[in-house]
Amino acid sequence: MQRFLLVFFLLTLNACATYSDRGIPAPVESSAPVESSEGTIVDGQAPPFTGPMMPESRSSQGPAQESAGSVRGEGRPAVPEYETGSAAAALLVSVDTAIAQGDLERAAALTERALRISPRDGYLWYRLADIRFQQERYTDVAGFAQRARSFAGSDRQLTSAIDDLLERSNQATR
Amino acid sequence: MKSKQTAIKTRRWPTVLRRSLLIGTVVVAVWCVWIDYQVRTDFKALQWELPARVYARPVELYVGAEQSVVQLTEYLQQLGYARSAQVANPGEYLVEGSRIKMRTRGFDFWDGEEPALYVEVEFNGDRVRALRGGQTNSDLAIMRMDPIEIGQINPETGEDRVPVPLEEIPQQLIDAVIAVEDQRFYKHFGVDPIGIGRALISNLRAGEIVQGGSTLTQQLVKNLYLNRDQTLRRKIEEALMAISLDLHFSKEEILTAYINEVFLGQQGSRAIHGFALASEFYFGRPLGELKLEELALLAGLPRGASYYNPQRNPERATARRNVVLARMLDQDYITTAVHDVASKAPLEVVNTRATQQRSTRGYPAFMELVYRDLSRDYDANALRTEGLRIFTTLDVGMQNRMETILANAVTAVEHESPDGSSPLEAAVVITDTSTGEVRALSGGRRGDFAGFNRALNAVRPIGSLVKPAVYLAALESEQFNLASVLADSPVELAIQGGQTWAPRNYENKHFGDVYLFDALERSLNLATVDLGMQVGLDNVVNMLTRLGHSRSVPEYPSMLLGSVDMAPIEVAQMYQTLASNGFRSPLRAVEAVTSGDGAPLERYGIAISQVADATSIFLLEYAMHGVFERGTARTAAGRLVRNLPLAGKTGTTNDMRDSWFAGYGDDLVGVVWLGYDDNRDTGLTGATGALRVWTDIMIELDIQPRRNLPPEEVEWSRIALQATRSPSSRNCTNVQSVPFRTNATPDVSVSCEDNGSLIERLFDRFRDRR
């Protein structure tokens, strides 16, 4: 009984040990998964781009298909499908068009435009890395790929695709 | 005998005369041939030296874009768009409550054409809620406005022009020019004897020169090839050249050259040539958007661009315009009704601010950065003569808002200066956190004044702004964590030459054992020296280099406290790397360069390389948040309550010569420097000077809070509030939760996490309470 009382007493004391927050963020006991994208992700295909940027938009093909040629191997990422009519989706369709036309630098510029809208979108950083890979600018690939990974969070498919791209880039430079 | 000699002489005269005439004729003929040859070859190869045109980043519109009715309206005004109820033509807009309707002009960007478009934008406060447009007025995903031209890099002659083909010249302008300058242009052969006669009679009647007899062709020749001398020889030369030009080239070619060549105004050292540029300069709109009375005003300017300047002499300009309109009526180019309406139209007030923005005086500090960046790849001559188009990263809206705040903010912190002394100066650099793009820049307390560009060129000691590099090097070594205990105690270090260095804290206080994060938050010098000497000066210098500092830094202990010289833009580079979580992106002001006809030449895209690991950066940032929450910037926290958490650092140099603040949120990195050009005491610390200016600017720009999620290798642990080196003196009554690398958790002497069995922890706690 005495031992029980001692335990009870000490537990009470423990509760008195105050947590002084003083404006610091609420403590997180373990690291939380990182959200992968700012864009709202919905199921289904990316919508056709109807805006002025892409007069030659193709209505039935989303970025996944368009970019498939550039993403080889097992580590192909799950392509986020952006909200219908969103700026990022529209720009990505334009990116794919530019790649299909062989205009990789324009594709890079369009991806950068999308990144200015969604700078924490790991998939967009990955696309930029992939475009640089296609341009054989291998020294640039690592930076973009690592940046993509820093935003990939729990998206294992994207992480795997990034690692695959890095591996291929490393092989190409050997 | 005498008469014989006279007869011989008489016989010789015709011979001499004949010979002289022959020689003279040959000389004149050769001269004519030479002139003809010269005119033919020169005019065929006529190529103006064209200045490089520099454009700001265009506003992009999409659902969710940060843009308000007021901001977009200001942007449209700066582009010279006209308010119109109909919105029928490109360059017109209408504001209806929270909606803007407009017809864009379209623009040929380096990566493709943005077509002219009818657009409706709906706003919800500071964001775009809906975007529609096109022929069917359907939803648009994204569109780019045309960019604002922020300056030119002019040829040494100062001549600026926008050459345009004849098809792009409004017919009414051509009619007006011909009516007032050379009504027989299509009939004469370069020189117009009838016109000269008419002018002579008019001038004799008036008793002064009221009408010139020069044709457009002669005026063109004069501008292109001759000086201003009024000699007979020059007049003859001019006539011969005009005839030659008329003989070899079509009237359309001559007219096109005239329209693009003629001098129409002056702005400082910049000479405005050609009607297309004059239209932009005086009306802020392209030629195609001008009304008859505006075109007539321009057509009247060649007679005296300064005398009839509509900005300075509106009455004279109006009278001259009406003369042009009257000539057009006389020659049946316009009807009486049209004439009457146009000649009664008020002279549209020229938006001088808009036109000024197009000059190099608009954003002088940023323009210098552009020029500096470009000069790595382009020689000065190419920039001044080839008509390059340069697309930059400047955010005009942000720049304007920053400038508006800056001057007042500096005045608010400035201490009274002795009479005649230079005022407190400032420099501001604002960059994009993710991409390293320079979005706004000021080289002085007034951003629109040219002069010494302190943002790029004031290389000053950075004081405590260097400390994050010291702490990052320590955290990266994994020998230290945020709760490592440092000695904030007086110390004397032996330095070169047998001397000693005894650093001090601000106000000479010292705090004994302190936590690493606390030392950074409160910017404690002695604790920082303790840490830096343990980490190693070489590691700190290496970290500075990795963060983007390109100069060599001597490895002196005083470097730990900021005896490192940097310009504000170099500080921005260092903090940009921290803000992008250890990914360094070289700061950029130029995004792309095209030729004058839009062919892509060069693109300067985002480049990044990882120079520090995410976990070390995350830990460092905890302390840099603390600077606002508990440390040297806590005085600003109350005003930034909507924006926190933010990361930042104050900096003050010896004798308060420099007041610095560098900080960042999720979207922006901002660096502010305050100081005197003569290096005297400002009476300001980083917190009482630069921080207050930074805060004013960032509230205006609504800097976004940091939302840096912890990497996987981070866990949070509670530590005793008071740092101690001995477990026996640990006091877990008050604790603070602090992030740690999973393999570098707090020392047992400070940890208040429960270790061991429940009973042991309970007893441990009980012991702590005694």
# chains A, B, ... in the order shown; residues from 1 in each chain; ligands from 1
call {"tool": "interface_residues", "arguments": {"of": "chain B", "to": "chain A", "cutoff": "7 Å", "atoms": "only C-alpha atoms", "output": "JSON, numbers by chain"}}
result
{"B": [62, 111, 114, 115, 140, 141, 142, 143, 434, 605, 607, 608, 609, 610, 629, 709, 710, 711, 712, 714, 715, 716, 732, 733, 734, 735, 736, 737, 762, 765, 766]}
call {"tool": "residues_around", "arguments": {"residues": "Gly665 in chain B", "least_positions_apart": "5", "cutoff": "9 Å", "atoms": "only C-alpha atoms", "output": "PyMOL selection string"}}
result
chain B and resi 433+579+643-648+670+703-707
call {"tool": "write_last_selection", "arguments": {"atoms": "N, CA and C atoms", "output": "PDB file, in the first residue's frame"}}
result
ATOM      1  N   THR B 433      12.747  31.710 -52.601  1.00  0.00           N
ATOM      2  CA  THR B 433      13.334  30.659 -51.765  1.00  0.00           C
ATOM      3  C   THR B 433      13.719  29.419 -52.581  1.00  0.00           C
ATOM      4  N   ALA B 579      17.572  28.666 -46.918  1.00  0.00           N
ATOM      5  CA  ALA B 579      16.114  28.681 -47.071  1.00  0.00           C
ATOM      6  C   ALA B 579      15.623  27.548 -47.960  1.00  0.00           C
ATOM      7  N   ASN B 643       2.589  35.706 -39.925  1.00  0.00           N
ATOM      8  CA  ASN B 643       3.603  35.144 -40.818  1.00  0.00           C
ATOM      9  C   ASN B 643       4.502  34.106 -40.164  1.00  0.00           C
ATOM     10  N   LEU B 644       4.554  34.086 -38.846  1.00  0.00           N
ATOM     11  CA  LEU B 644       5.452  33.151 -38.169  1.00  0.00           C
ATOM     12  C   LEU B 644       4.936  31.722 -38.312  1.00  0.00           C
ATOM     13  N   PRO B 645       5.789  30.706 -38.256  1.00  0.00           N
ATOM     14  CA  PRO B 645       7.224  30.797 -38.011  1.00  0.00           C
ATOM     15  C   PRO B 645       8.019  31.256 -39.244  1.00  0.00           C
ATOM     16  N   LEU B 646       9.020  32.063 -38.947  1.00  0.00           N
ATOM     17  CA  LEU B 646       9.996  32.490 -39.939  1.00  0.00           C
ATOM     18  C   LEU B 646      11.383  32.220 -39.384  1.00  0.00           C
ATOM     19  N   ALA B 647      12.359  32.164 -40.257  1.00  0.00           N
ATOM     20  CA  ALA B 647      13.738  31.955 -39.808  1.00  0.00           C
ATOM     21  C   ALA B 647      14.534  33.222 -40.112  1.00  0.00           C
ATOM     22  N   GLY B 648      15.436  33.583 -39.231  1.00  0.00           N
ATOM     23  CA  GLY B 648      16.205  34.793 -39.510  1.00  0.00           C
ATOM     24  C   GLY B 648      17.379  34.973 -38.577  1.00  0.00           C
ATOM     25  N   GLY B 670      14.833  37.490 -47.634  1.00  0.00           N
ATOM     26  CA  GLY B 670      15.052  38.936 -47.671  1.00  0.00           C
ATOM     27  C   GLY B 670      16.277  39.323 -46.860  1.00  0.00           C
ATOM     28  N   ILE B 703       4.925  37.711 -46.384  1.00  0.00           N
ATOM     29  CA  ILE B 703       5.827  36.552 -46.451  1.00  0.00           C
ATOM     30  C   ILE B 703       5.148  35.322 -45.837  1.00  0.00           C
ATOM     31  N   GLN B 704       5.328  34.195 -46.488  1.00  0.00           N
ATOM     32  CA  GLN B 704       4.629  32.975 -46.059  1.00  0.00           C
ATOM     33  C   GLN B 704       5.391  32.254 -44.954  1.00  0.00           C
ATOM     34  N   PRO B 705       4.655  31.736 -43.952  1.00  0.00           N
ATOM     35  CA  PRO B 705       5.331  31.027 -42.852  1.00  0.00           C
ATOM     36  C   PRO B 705       6.108  29.813 -43.359  1.00  0.00           C
ATOM     37  N   ARG B 706       7.170  29.471 -42.646  1.00  0.00           N
ATOM     38  CA  ARG B 706       7.919  28.252 -42.973  1.00  0.00           C
ATOM     39  C   ARG B 706       7.075  27.048 -42.580  1.00  0.00           C
ATOM     40  N   ARG B 707       7.028  26.083 -43.421  1.00  0.00           N
ATOM     41  CA  ARG B 707       6.374  24.825 -43.043  1.00  0.00           C
ATOM     42  C   ARG B 707       7.288  23.685 -43.465  1.00  0.00           C
TER      43      ARG B 707
END
call {"tool": "closest_residue", "arguments": {"among": "B:Ile153, B:Thr745, B:Lys467, B:Leu721", "to": "Ser269 in chain B", "atoms": "only C-alpha atoms"}}
result
B:Ile153
call {"tool": "closest_residue", "arguments": {"among": "B:Gly463, B:Gly300, B:Pro468, B:Pro58", "to": "Val177 in chain B", "atoms": "only C-alpha atoms"}}
result
B:Gly300
call {"tool": "closest_residue", "arguments": {"among": "B:Ala614, B:Val63, B:Ile334, B:Val672", "to": "Ser442 in chain B", "atoms": "only C-alpha atoms"}}
result
B:Val672
call {"tool": "closest_residue", "arguments": {"among": "B:Val410, B:Leu537, B:Leu640, B:Val514", "to": "Thr688 in chain B", "atoms": "only C-alpha atoms"}}
result
B:Val410
call {"tool": "residues_around", "arguments": {"residues": "Val413 in chain B", "least_positions_apart": "2", "cutoff": "9 Å", "atoms": "only C-alpha atoms", "output": "number ranges by chain"}}
result
B: 408-411, 415, 684, 688-690, 692-693
